[in-house]
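Structure data follow from start.tsv (TSV, C-alpha atoms):
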```tsv
chain	number	residue	atom	x	y	z
Q	101	MET	CA	-50.50	44.11	-60.12
Q	102	SER	CA	-48.40	45.13	-57.13
Q	103	THR	CA	-44.65	45.49	-57.25
Q	104	PRO	CA	-42.78	43.11	-54.93
Q	105	LYS	CA	-41.24	44.83	-51.98
Q	106	THR	CA	-37.48	44.54	-51.55
Q	107	PRO	CA	-36.05	44.27	-48.08
Q	108	PRO	CA	-34.35	47.40	-46.78
Q	109	THR	CA	-30.61	47.50	-47.28
Q	110	ASP	CA	-27.88	48.74	-45.01
Q	111	PRO	CA	-25.84	51.49	-46.67
Q	112	SER	CA	-22.71	49.94	-45.27
Q	113	ASP	CA	-23.26	46.82	-47.43
Q	114	SER	CA	-21.93	48.61	-50.47
Q	115	ALA	CA	-19.03	50.21	-48.62
Q	116	PRO	CA	-15.46	48.97	-48.84
Q	117	PRO	CA	-14.50	46.16	-46.45
Q	118	ALA	CA	-12.58	48.50	-44.15
Q	119	THR	CA	-15.65	50.78	-43.89
Q	120	ARG	CA	-17.94	47.85	-43.17
Q	121	ARG	CA	-15.60	46.68	-40.40
Q	122	ALA	CA	-15.64	50.14	-38.89
Q	123	ALA	CA	-19.43	50.24	-39.12
Q	124	GLY	CA	-19.63	46.97	-37.24
Q	125	GLY	CA	-19.18	48.85	-34.00
Q	126	ALA	CA	-18.57	47.00	-30.82
Q	127	GLY	CA	-19.56	43.73	-32.44
Q	128	ASN	CA	-16.13	43.37	-34.02
Q	129	GLY	CA	-14.40	45.31	-31.25
Q	130	TRP	CA	-12.01	48.20	-31.53
Q	131	ALA	CA	-9.45	46.24	-29.55
Q	132	SER	CA	-9.20	43.47	-32.14
Q	133	GLU	CA	-8.87	46.05	-34.91
Q	134	ALA	CA	-6.10	47.79	-32.99
Q	135	VAL	CA	-4.21	44.52	-32.64
Q	136	LEU	CA	-4.62	43.71	-36.32
Q	137	HIS	CA	-3.22	47.09	-37.33
Q	138	ASN	CA	-0.46	47.08	-34.68
Q	139	PRO	CA	1.13	43.61	-34.78
Q	140	ALA	CA	3.34	44.25	-31.75
Q	141	LEU	CA	0.36	44.76	-29.38
Q	142	GLY	CA	-0.60	41.08	-29.25
Q	143	PRO	CA	2.94	39.84	-28.45
Q	144	LEU	CA	3.35	42.63	-25.88
Q	145	GLY	CA	0.20	41.47	-24.13
Q	146	ALA	CA	1.48	37.87	-24.20
Q	147	LEU	CA	4.81	38.99	-22.71
Q	148	LEU	CA	3.12	40.83	-19.84
Q	149	LEU	CA	0.86	37.84	-19.18
Q	150	ALA	CA	3.85	35.45	-19.10
Q	151	VAL	CA	5.74	37.72	-16.68
Q	152	ILE	CA	2.72	37.92	-14.37
Q	153	VAL	CA	2.15	34.14	-14.44
Q	154	PHE	CA	5.78	33.29	-13.63
Q	155	ALA	CA	5.99	36.05	-11.01
Q	156	VAL	CA	3.02	34.46	-9.22
Q	157	THR	CA	3.96	30.78	-9.68
Q	158	THR	CA	7.68	31.02	-8.86
Q	159	SER	CA	9.55	32.77	-6.06
Q	160	THR	CA	12.72	33.58	-8.00
Q	161	PHE	CA	11.53	34.81	-11.40
Q	162	PHE	CA	10.48	38.36	-10.55
Q	163	THR	CA	13.78	39.45	-9.04
Q	164	VAL	CA	16.11	42.16	-10.31
Q	165	ASP	CA	18.97	39.76	-10.95
Q	166	ASN	CA	16.81	37.28	-12.85
Q	167	LEU	CA	15.10	39.94	-14.97
Q	168	SER	CA	18.52	41.35	-15.90
Q	169	LEU	CA	19.67	37.83	-16.80
Q	170	VAL	CA	16.58	37.27	-18.98
Q	171	VAL	CA	17.30	40.44	-20.95
Q	172	GLN	CA	20.96	39.46	-21.39
Q	173	GLN	CA	19.92	36.01	-22.61
Q	174	ALA	CA	17.60	37.59	-25.19
Q	175	LEU	CA	20.20	40.11	-26.34
Q	176	VAL	CA	22.03	38.18	-29.09
Q	177	VAL	CA	18.88	36.59	-30.48
Q	178	ALA	CA	17.16	39.98	-30.54
Q	179	THR	CA	20.06	41.52	-32.46
Q	180	LEU	CA	20.10	38.64	-34.95
Q	181	GLY	CA	16.34	39.10	-35.14
Q	182	LEU	CA	16.79	42.78	-36.01
Q	183	GLY	CA	18.73	41.89	-39.17
Q	184	GLN	CA	16.27	39.09	-39.86
Q	185	THR	CA	13.34	41.51	-39.49
Q	186	LEU	CA	14.68	43.82	-42.19
Q	187	ILE	CA	15.02	40.90	-44.59
Q	188	VAL	CA	11.64	39.34	-43.74
Q	189	LEU	CA	9.93	42.70	-44.29
Q	190	THR	CA	11.06	42.51	-47.93
Q	191	GLY	CA	9.55	39.03	-48.25
Q	192	GLY	CA	12.87	37.20	-47.80
Q	193	ILE	CA	14.49	35.11	-45.08
Q	194	ASP	CA	18.06	34.55	-43.88
Q	195	LEU	CA	19.03	31.09	-42.68
Q	196	ALA	CA	22.74	31.98	-42.49
Q	197	ASN	CA	22.59	34.87	-40.01
Q	198	ALA	CA	23.80	32.90	-36.96
Q	199	ALA	CA	26.56	31.22	-38.98
Q	200	ILE	CA	27.78	34.63	-40.16
Q	201	MET	CA	27.71	35.86	-36.57
Q	202	VAL	CA	29.73	32.85	-35.33
Q	203	LEU	CA	32.32	33.38	-38.07
Q	204	GLY	CA	32.54	36.98	-36.87
Q	205	THR	CA	33.32	35.83	-33.33
Q	206	MET	CA	36.04	33.53	-34.68
Q	207	LEU	CA	37.61	36.36	-36.67
Q	208	PHE	CA	37.54	38.75	-33.70
Q	209	ALA	CA	39.07	36.24	-31.29
Q	210	ARG	CA	41.67	34.55	-33.46
Q	211	LEU	CA	43.00	37.78	-34.94
Q	212	VAL	CA	43.50	39.26	-31.48
Q	213	ILE	CA	45.17	36.09	-30.22
Q	214	GLY	CA	47.46	36.25	-33.26
Q	215	GLY	CA	48.62	39.73	-32.27
Q	216	THR	CA	46.26	41.94	-34.29
Q	217	ALA	CA	45.08	45.08	-32.54
Q	218	PRO	CA	41.52	44.66	-31.22
Q	219	GLY	CA	40.25	47.66	-33.20
Q	220	VAL	CA	41.65	46.23	-36.44
Q	221	ALA	CA	40.18	42.80	-35.65
Q	222	LEU	CA	36.76	44.38	-35.15
Q	223	VAL	CA	37.00	46.21	-38.46
Q	224	VAL	CA	38.01	43.02	-40.31
Q	225	GLY	CA	35.16	41.06	-38.72
Q	226	PHE	CA	32.60	43.74	-39.54
Q	227	VAL	CA	33.78	43.93	-43.17
Q	228	VAL	CA	33.63	40.14	-43.62
Q	229	CYS	CA	30.12	39.91	-42.12
Q	230	ALA	CA	28.94	42.81	-44.30
Q	231	VAL	CA	30.44	41.20	-47.42
Q	232	LEU	CA	28.72	37.87	-46.68
Q	233	GLY	CA	25.40	39.66	-46.24
Q	234	ALA	CA	26.03	41.54	-49.49
Q	235	VAL	CA	26.77	38.29	-51.35
Q	236	SER	CA	23.42	36.85	-50.29
Q	237	GLY	CA	21.71	40.10	-51.23
Q	238	GLY	CA	23.42	40.19	-54.62
Q	239	LEU	CA	22.39	36.63	-55.48
Q	240	VAL	CA	18.79	37.30	-54.44
Q	241	THR	CA	18.63	40.69	-56.16
Q	242	TRP	CA	20.44	40.31	-59.46
Q	243	LEU	CA	20.11	36.58	-60.14
Q	244	SER	CA	16.53	36.47	-58.79
Q	245	LEU	CA	17.31	33.36	-56.74
Q	246	PRO	CA	14.92	32.42	-53.90
Q	247	PRO	CA	16.17	33.83	-50.56
Q	248	PHE	CA	15.55	30.48	-48.85
Q	249	ILE	CA	17.84	28.62	-51.26
Q	250	VAL	CA	20.52	31.32	-51.31
Q	251	THR	CA	20.78	31.61	-47.54
Q	252	LEU	CA	20.55	27.84	-47.06
Q	253	GLY	CA	23.57	27.47	-49.33
Q	254	MET	CA	25.30	30.37	-47.57
Q	255	LEU	CA	24.64	28.65	-44.24
Q	256	THR	CA	26.50	25.54	-45.38
Q	257	VAL	CA	29.38	27.51	-46.87
Q	258	VAL	CA	29.88	29.80	-43.86
Q	259	LEU	CA	29.68	26.93	-41.38
Q	260	ALA	CA	32.41	25.10	-43.31
Q	261	ILE	CA	34.58	28.23	-43.56
Q	262	GLY	CA	34.22	28.85	-39.83
Q	263	ARG	CA	35.31	25.32	-38.93
Q	264	LEU	CA	38.22	25.40	-41.37
Q	265	TYR	CA	39.37	28.79	-40.09
Q	266	SER	CA	39.11	27.74	-36.44
Q	267	GLU	CA	40.73	24.35	-37.16
Q	268	GLY	CA	38.03	22.85	-34.96
Q	269	ASN	CA	39.19	24.76	-31.88
Q	270	SER	CA	37.52	27.31	-29.65
Q	271	TYR	CA	39.35	30.44	-28.54
Q	272	PRO	CA	39.00	32.14	-25.15
Q	273	VAL	CA	38.51	35.89	-25.23
Q	274	THR	CA	40.36	37.84	-22.56
Q	275	ASP	CA	40.74	41.17	-24.36
Q	276	ASP	CA	38.78	43.98	-22.71
Q	277	VAL	CA	37.72	45.54	-26.04
Q	278	LEU	CA	36.15	42.32	-27.32
Q	279	GLY	CA	34.42	41.63	-24.00
Q	280	VAL	CA	33.37	45.18	-23.16
Q	281	LEU	CA	29.73	44.70	-24.20
Q	282	GLY	CA	29.24	42.08	-21.48
Q	283	LYS	CA	31.68	43.10	-18.76
Q	284	GLY	CA	31.08	46.83	-18.63
Q	285	GLY	CA	27.84	48.50	-17.60
Q	286	TYR	CA	26.02	50.52	-15.00
Q	287	LEU	CA	23.10	50.30	-12.61
Q	288	PHE	CA	19.66	51.58	-13.58
Q	289	GLY	CA	18.10	51.62	-10.16
Q	290	GLN	CA	18.89	48.08	-9.04
Q	291	LEU	CA	18.92	46.67	-12.57
Q	292	LYS	CA	22.33	45.96	-14.11
Q	293	VAL	CA	22.50	47.39	-17.61
Q	294	THR	CA	25.43	46.18	-19.72
Q	295	HIS	CA	26.98	48.10	-22.58
Q	296	GLY	CA	25.58	45.40	-24.85
Q	297	MET	CA	22.05	46.28	-23.74
Q	298	THR	CA	22.70	49.96	-24.37
Q	299	LEU	CA	24.07	49.21	-27.83
Q	300	ALA	CA	20.99	47.09	-28.61
Q	301	VAL	CA	18.66	49.94	-27.59
Q	302	VAL	CA	20.57	52.33	-29.87
Q	303	MET	CA	20.49	49.90	-32.81
Q	304	PHE	CA	16.77	49.21	-32.46
Q	305	ALA	CA	16.04	52.92	-32.12
Q	306	VAL	CA	17.99	53.68	-35.29
Q	307	ALA	CA	16.26	50.82	-37.15
Q	308	TRP	CA	12.83	52.00	-35.96
Q	309	TYR	CA	13.56	55.53	-37.14
Q	310	ALA	CA	14.90	54.32	-40.51
Q	311	LEU	CA	11.86	52.12	-41.13
Q	312	THR	CA	9.19	54.58	-40.02
Q	313	LYS	CA	10.58	58.03	-40.71
Q	314	THR	CA	12.67	57.73	-43.89
Q	315	ALA	CA	11.98	57.09	-47.55
Q	316	TRP	CA	14.19	54.01	-47.39
Q	317	GLY	CA	11.93	52.47	-44.74
Q	318	LYS	CA	8.81	53.17	-46.80
Q	319	HIS	CA	10.52	51.49	-49.75
Q	320	VAL	CA	11.30	48.41	-47.64
Q	321	TYR	CA	7.64	48.01	-46.66
Q	322	ALA	CA	6.47	48.69	-50.22
Q	323	LEU	CA	8.87	46.06	-51.55
Q	324	GLY	CA	7.51	43.50	-49.11
Q	325	ASN	CA	3.90	44.30	-49.93
Q	326	ASP	CA	4.19	44.14	-53.73
Q	327	PRO	CA	7.55	44.32	-55.55
Q	328	GLU	CA	5.98	45.01	-58.94
Q	329	ALA	CA	3.79	47.82	-57.63
Q	330	ALA	CA	6.82	49.27	-55.85
Q	331	ARG	CA	8.79	49.21	-59.09
Q	332	LEU	CA	5.98	50.92	-61.00
Q	333	THR	CA	5.88	53.73	-58.44
Q	334	GLY	CA	9.55	54.50	-59.09
Q	335	ILE	CA	11.17	52.63	-56.20
Q	336	HIS	CA	14.56	51.12	-57.06
Q	337	VAL	CA	13.60	47.62	-55.95
Q	338	GLY	CA	16.99	45.99	-56.55
Q	339	ARG	CA	18.97	48.63	-54.70
Q	340	THR	CA	16.57	48.54	-51.74
Q	341	ARG	CA	16.67	44.75	-51.44
Q	342	PHE	CA	20.48	44.66	-51.71
Q	343	SER	CA	20.86	47.37	-49.05
Q	344	VAL	CA	18.74	45.38	-46.62
Q	345	TYR	CA	20.99	42.31	-46.84
Q	346	LEU	CA	24.12	44.46	-46.57
Q	347	ILE	CA	22.84	46.24	-43.45
Q	348	ALA	CA	21.76	42.91	-41.97
Q	349	GLY	CA	25.34	41.63	-42.38
Q	350	VAL	CA	26.63	44.59	-40.36
Q	351	ILE	CA	24.03	43.89	-37.67
Q	352	TYR	CA	25.21	40.27	-37.45
Q	353	ALA	CA	28.73	41.59	-36.75
Q	354	PHE	CA	27.33	43.59	-33.83
Q	355	ALA	CA	25.64	40.39	-32.61
Q	356	ALA	CA	29.03	38.64	-32.76
Q	357	TRP	CA	30.56	41.36	-30.60
Q	358	GLN	CA	27.67	41.06	-28.15
Q	359	ALA	CA	28.08	37.27	-28.06
Q	360	LEU	CA	31.73	37.57	-27.00
Q	361	GLY	CA	30.67	39.92	-24.22
Q	362	ARG	CA	28.03	37.46	-23.07
Q	363	ILE	CA	30.11	34.27	-23.39
Q	364	PRO	CA	33.85	35.13	-23.69
Q	365	ASN	CA	34.67	32.14	-25.85
Q	366	ALA	CA	34.67	31.92	-29.65
Q	367	ASP	CA	33.38	28.46	-30.54
Q	368	PRO	CA	32.65	27.33	-34.13
Q	369	ASN	CA	29.85	25.12	-32.82
Q	370	ALA	CA	28.05	27.85	-30.87
Q	371	PHE	CA	24.55	29.17	-31.61
Q	372	GLN	CA	23.63	26.20	-33.80
Q	373	THR	CA	19.93	27.10	-33.58
Q	374	GLY	CA	20.50	30.86	-33.63
Q	375	ASN	CA	18.97	31.24	-37.08
Q	376	LEU	CA	15.79	29.46	-36.02
Q	377	ASP	CA	15.68	31.38	-32.74
Q	378	SER	CA	15.87	34.68	-34.62
Q	379	ILE	CA	13.09	33.63	-36.99
Q	380	THR	CA	11.03	32.57	-33.98
Q	381	ALA	CA	11.51	36.00	-32.35
Q	382	VAL	CA	10.54	37.76	-35.59
Q	383	VAL	CA	7.42	35.66	-36.16
Q	384	ILE	CA	6.22	35.73	-32.54
Q	385	GLY	CA	6.81	39.48	-32.61
Q	386	GLY	CA	4.17	39.91	-35.31
Q	387	THR	CA	6.28	40.37	-38.44
Q	388	SER	CA	4.68	38.63	-41.40
Q	389	LEU	CA	6.74	35.98	-43.17
Q	390	PHE	CA	5.05	37.16	-46.37
Q	391	GLY	CA	6.64	40.60	-46.04
Q	392	GLY	CA	5.41	44.17	-45.76
Q	393	ARG	CA	4.03	43.96	-42.21
Q	394	GLY	CA	5.83	44.08	-38.87
Q	395	SER	CA	8.10	46.15	-36.66
Q	396	VAL	CA	11.43	46.04	-34.85
Q	397	LEU	CA	9.61	46.59	-31.55
Q	398	GLY	CA	7.74	43.35	-32.16
Q	399	THR	CA	11.03	41.51	-32.65
Q	400	VAL	CA	12.32	42.77	-29.29
Q	401	VAL	CA	9.12	41.56	-27.64
Q	402	GLY	CA	9.34	38.22	-29.46
Q	403	ALA	CA	12.91	37.62	-28.26
Q	404	LEU	CA	11.90	38.53	-24.70
Q	405	ILE	CA	8.91	36.17	-24.84
Q	406	VAL	CA	11.18	33.24	-25.74
Q	407	ALA	CA	13.68	34.17	-23.00
Q	408	VAL	CA	10.92	34.65	-20.40
Q	409	LEU	CA	9.32	31.30	-21.27
Q	410	ARG	CA	12.61	29.43	-20.99
Q	411	SER	CA	13.56	31.13	-17.73
Q	412	GLY	CA	10.14	30.81	-16.14
Q	413	LEU	CA	9.53	27.21	-17.16
Q	414	THR	CA	13.03	26.22	-16.00
Q	415	GLN	CA	12.45	27.78	-12.59
Q	416	ALA	CA	9.06	26.06	-12.45
Q	417	GLY	CA	10.83	22.72	-12.97
Q	418	ILE	CA	9.39	22.08	-16.44
Q	419	ASP	CA	11.44	19.86	-18.77
Q	420	SER	CA	13.25	21.74	-21.55
Q	421	LEU	CA	11.43	19.68	-24.18
Q	422	TYR	CA	8.13	21.20	-23.05
Q	423	GLN	CA	9.74	24.62	-23.41
Q	424	ASP	CA	10.37	23.81	-27.07
Q	425	VAL	CA	6.77	22.65	-27.42
Q	426	ALA	CA	5.49	25.93	-25.98
Q	427	THR	CA	7.73	27.96	-28.31
Q	428	GLY	CA	6.60	25.95	-31.34
Q	429	VAL	CA	2.94	26.46	-30.47
Q	430	LEU	CA	3.54	30.21	-30.20
Q	431	VAL	CA	5.16	30.30	-33.65
Q	432	ILE	CA	2.24	28.46	-35.25
Q	433	ALA	CA	-0.25	30.71	-33.47
Q	434	ALA	CA	1.61	33.82	-34.63
Q	435	VAL	CA	1.58	32.70	-38.27
Q	436	ALA	CA	-2.11	31.78	-38.03
Q	437	PHE	CA	-2.87	35.22	-36.58
Q	438	ASP	CA	-0.95	36.85	-39.42
Q	439	GLN	CA	-3.04	34.96	-41.96
Q	440	LEU	CA	-6.22	36.09	-40.20
Q	441	ALA	CA	-5.03	39.69	-40.25
Q	442	ARG	CA	-4.31	39.51	-43.98
Q	443	ARG	CA	-7.72	38.06	-44.76
Q	444	ARG	CA	-9.50	40.74	-42.73
Q	445	SER	CA	-7.50	43.50	-44.42
Q	446	ARG	CA	-8.69	42.47	-47.89
```
Can you present the structure in this file as structure tokens?
Amino acid sequence: MSTPKTPPTDPSDSAPPATRRAAGGAGNGWASEAVLHNPALGPLGALLLAVIVFAVTTSTFFTVDNLSLVVQQALVVATLGLGQTLIVLTGGIDLANAAIMVLGTMLFARLVIGGTAPGVALVVGFVVCAVLGAVSGGLVTWLSLPPFIVTLGMLTVVLAIGRLYSEGNSYPVTDDVLGVLGKGGYLFGQLKVTHGMTLAVVMFAVAWYALTKTAWGKHVYALGNDPEAARLTGIHVGRTRFSVYLIAGVIYAFAAWQALGRIPNADPNAFQTGNLDSITAVVIGGTSLFGGRGSVLGTVVGALIVAVLRSGLTQAGIDSLYQDVATGVLVIAAVAFDQLARRRSR
């Protein structure tokens, strides 16, 4: 009696999923793997494509003045997105970031109008924004409350405080110190670079270094990937999470300073969708809403994509409602891509 023959097997069948993907060769494509492991590459490609399309279809988009304006328009959202990125990397979210920023602008402006030295007003505003970030972080960390609920409540509270403090009024900003991030600057070739842009580059560079080159950054990513596993490896999970919210509060104060340089008027009703815009920049930039995956470079690219779309579509004569549709589609696509990346990494 003959023994049945078994079909030959591929040695890669018993290999781990990552090995099997690598063995797939050109069928899966090294490019797709590179994008999956570097979330900022996809958004960067989308940004370049959008710039090319608008440069070809409009006569005014690809000019030095307009490109400088696009960057300036993305500046505040990108800075808010930087703080948001740190929090999202831990698996949280901050719905109150724009409200904290607006309160910061009110503190800066009203204190100076009341006779307080600009330097002192800046210090007070930075301390208040940091404390508000710390309060959210404390509630999430030590009471184990969901970040969504905590920051939603903080959003309501801070909005009310801002309107009570401002008495419903807006305050013009004429002080040179408060407006220096928008008024001052220099030329880089023919491109106008404001002090606010320079500050943003420095902040993002520091954040990139902290996240990629320090133990604190590794702890942030580990916390976002698996809090329990991070705790078992000796990471102080509570202290790391709290520090992220505290640092984010300081970043929101910088965004407030940038906002006064961009629009020299402190208005309690400004940036009403700033929190959603920052989340949009973070998600489009490739940072996972589930935590543990993403980069600050991606957030910069995400903020620029939104600004480029709005500028380009406006110059092309497209209704602003369609701009919102395009942005919403990008957000959904980014989240769907993140889900695909997570499934392929298992």
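The residue set within 12 Å of Leu311 of chain Q, counting only C-alpha atoms and dropping same-chain residues fewer than 2 places from it, reads Leu182, Thr185, Leu186, Leu189, Thr190, Phe304, Ala305, Val306, Ala307, Trp308, Tyr309, Lys313, Thr314, Ala315, Trp316, Gly317, Lys318, His319, Val320, Tyr321, Ala322, Val344, Gly392, Arg393, Gly394, Ser395, Val396 and Leu397 of chain Q.
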Draw an axis-aligned box over all listed atoms of segment 304-322 of chain Q, pad each side with 5 Å, and write its centre and edge lengths in Å, one decimal, as AutoDock Vina command-line options.
```
--center_x 12.2 --center_y 53.0 --center_z -41.2 --size_x 21.5 --size_y 20.0 --size_z 28.1
```
Per-residue nearest contacts segment 297-347 of chain Q to segment 165-178 of chain Q, cut-off 12 Å, using all atoms listed in the file, as CSV:
```
residue,atom,partner,partner_atom,distance
Q:Met297,CA,Q:Leu175,CA,6.9
Q:Thr298,CA,Q:Leu175,CA,10.4
Q:Leu299,CA,Q:Leu175,CA,10.0
Q:Ala300,CA,Q:Leu175,CA,7.4
Q:Val301,CA,Q:Leu175,CA,10.0
Q:Met303,CA,Q:Ala178,CA,10.7
Q:Phe304,CA,Q:Ala178,CA,9.4
```
- Message: Report as a VMD selection string all protein, DNA and RNA residues lying within 10 Å of Leu148 of chain Q, evaluated on all atoms listed in the file, omitting residues in the same chain fewer than 3 positions from it.
- Response: chain Q and resid 143 to 145 151 to 153 401 405 408
- Item | Close residues, Ala234 of chain Q itself excluded, 8 Å, all atoms listed in the file, min 6 positions apart in chain, as a PyMOL selection string | chain Q and resi 342-343+345-346+349
- Message: Let me make sure I understand: among Q:Ala434, Q:Leu222, Q:Ile335, Q:Val383, which one has the smallest atom-to-atom distance to Val277 of chain Q if we use only C-alpha atoms?
- Response: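 That would be Q:Leu222, the residue with the smallest distance to Val277 of chain Q.
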- Item | Two-atom distance - atom CA of Ser236 of chain Q, atom CA of Val250 of chain Q (Å) |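 Between atom CA of Ser236 of chain Q and atom CA of Val250 of chain Q the gap is 6.3 Å.
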- Note on the structure: Restricting to all atoms listed in the file, whichever of Q:Gly284, Q:Gly338, Q:Gly183, Q:Gly268 is closest to Val382 of chain Q is Q:Gly183
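A straight line drawn from atom CA of Pro247 of chain Q to atom CA of Leu360 of chain Q is 28.5 Å long.
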- Task: Write out as a ChimeraX atom specification which residues come within 10 Å of segment 362-373 of chain Q when counting only C-alpha atoms, dropping same-chain ones fewer than 2 positions away.
- Result: /Q:172-173,175-177,195,198-199,201-210,259-275,278-283,294,296,356-360,375-378
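Distance-wise, atom CA of Glu328 of chain Q and atom CA of Phe248 of chain Q end up 20.1 Å apart.
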- Measuring atom to atom with all atoms listed in the file, identify which of Q:Ile432, Q:Ile351, Q:Ile249, Q:Leu389 is nearest to Leu232 of chain Q.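 That would be Q:Ile351, the residue with the smallest distance to Leu232 of chain Q.
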- Message: My list of candidates is Q:Arg443, Q:Gly361, Q:Ala353, Q:Val156. Which is closest to Gly225 of chain Q when distances are computed with all atoms listed in the file?
- Response: Q:Ala353
- Query: Pick the closest to Gly374 of chain Q from Q:Gly181, Q:Gly192, Q:Gly219, Q:Gly391: which is it, counting all atoms listed in the file?
  - Reply: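 The shortest atom-to-atom distance to Gly374 of chain Q comes from Q:Gly181.
Candidate residues Q:Thr241, Q:Val258, Q:Asp276, Q:Ala416 were compared for distance to Ala217 of chain Q, and the nearest is Q:Asp276, using all atoms listed in the file.
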Polymer residues at most 8 Å from Ser420 of chain Q, only C-alpha atoms, same-chain spacing of 5 or more positions, as a PDB file with C-alpha atoms, in the coordinates of the input:
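Output file selection11.pdb follows:
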```pdb
ATOM      1  CA  ARG Q 410      12.610  29.430 -20.990  1.00  0.00           C
ATOM      2  CA  LEU Q 413       9.530  27.210 -17.160  1.00  0.00           C
ATOM      3  CA  THR Q 414      13.030  26.220 -16.000  1.00  0.00           C
TER       4      THR Q 414
END
```
- Can you find the residues with an atom no farther than 10 Å from (3.3, 31.0, -31.9), counting all atoms listed in the file, and report them as a list of chain:residue names? Q:Pro143, Q:Thr380, Q:Ala381, Q:Val383, Q:Ile384, Q:Gly385, Q:Gly386, Q:Gly402, Q:Ala426, Q:Thr427, Q:Gly428, Q:Val429, Q:Leu430, Q:Val431, Q:Ile432, Q:Ala433, Q:Ala434, Q:Val435, Q:Ala436, Q:Phe437
Generate the missing atoms of segment 415-426 of chain Q up to N, CA and C atoms and report them as a PDB file, in the coordinates of the input.
```
ATOM      1  N   GLN Q 415      12.587  27.564 -14.029  1.00  0.00           N
ATOM      2  CA  GLN Q 415      12.450  27.780 -12.590  1.00  0.00           C
ATOM      3  C   GLN Q 415      11.222  27.070 -12.022  1.00  0.00           C
ATOM      4  N   ALA Q 416      10.244  26.806 -12.898  1.00  0.00           N
ATOM      5  CA  ALA Q 416       9.060  26.060 -12.450  1.00  0.00           C
ATOM      6  C   ALA Q 416       9.298  24.551 -12.498  1.00  0.00           C
ATOM      7  N   GLY Q 417      10.493  24.141 -12.932  1.00  0.00           N
ATOM      8  CA  GLY Q 417      10.830  22.720 -12.970  1.00  0.00           C
ATOM      9  C   GLY Q 417      10.278  21.980 -14.165  1.00  0.00           C
ATOM     10  N   ILE Q 418       9.939  22.701 -15.236  1.00  0.00           N
ATOM     11  CA  ILE Q 418       9.390  22.080 -16.440  1.00  0.00           C
ATOM     12  C   ILE Q 418      10.530  21.623 -17.346  1.00  0.00           C
ATOM     13  N   ASP Q 419      10.409  20.410 -17.879  1.00  0.00           N
ATOM     14  CA  ASP Q 419      11.440  19.860 -18.770  1.00  0.00           C
ATOM     15  C   ASP Q 419      11.652  20.766 -19.979  1.00  0.00           C
ATOM     16  N   SER Q 420      12.908  20.855 -20.432  1.00  0.00           N
ATOM     17  CA  SER Q 420      13.250  21.740 -21.550  1.00  0.00           C
ATOM     18  C   SER Q 420      12.521  21.358 -22.838  1.00  0.00           C
ATOM     19  N   LEU Q 421      12.159  20.097 -22.987  1.00  0.00           N
ATOM     20  CA  LEU Q 421      11.430  19.680 -24.180  1.00  0.00           C
ATOM     21  C   LEU Q 421      10.054  20.348 -24.240  1.00  0.00           C
ATOM     22  N   TYR Q 422       9.419  20.522 -23.080  1.00  0.00           N
ATOM     23  CA  TYR Q 422       8.130  21.200 -23.050  1.00  0.00           C
ATOM     24  C   TYR Q 422       8.291  22.695 -23.361  1.00  0.00           C
ATOM     25  N   GLN Q 423       9.464  23.237 -23.040  1.00  0.00           N
ATOM     26  CA  GLN Q 423       9.740  24.620 -23.410  1.00  0.00           C
ATOM     27  C   GLN Q 423       9.749  24.766 -24.932  1.00  0.00           C
ATOM     28  N   ASP Q 424      10.351  23.793 -25.605  1.00  0.00           N
ATOM     29  CA  ASP Q 424      10.370  23.810 -27.070  1.00  0.00           C
ATOM     30  C   ASP Q 424       8.958  23.666 -27.633  1.00  0.00           C
ATOM     31  N   VAL Q 425       8.152  22.818 -26.983  1.00  0.00           N
ATOM     32  CA  VAL Q 425       6.770  22.650 -27.420  1.00  0.00           C
ATOM     33  C   VAL Q 425       6.013  23.966 -27.316  1.00  0.00           C
ATOM     34  N   ALA Q 426       6.182  24.656 -26.190  1.00  0.00           N
ATOM     35  CA  ALA Q 426       5.490  25.930 -25.980  1.00  0.00           C
ATOM     36  C   ALA Q 426       5.922  26.967 -27.018  1.00  0.00           C
TER      37      ALA Q 426
END
```
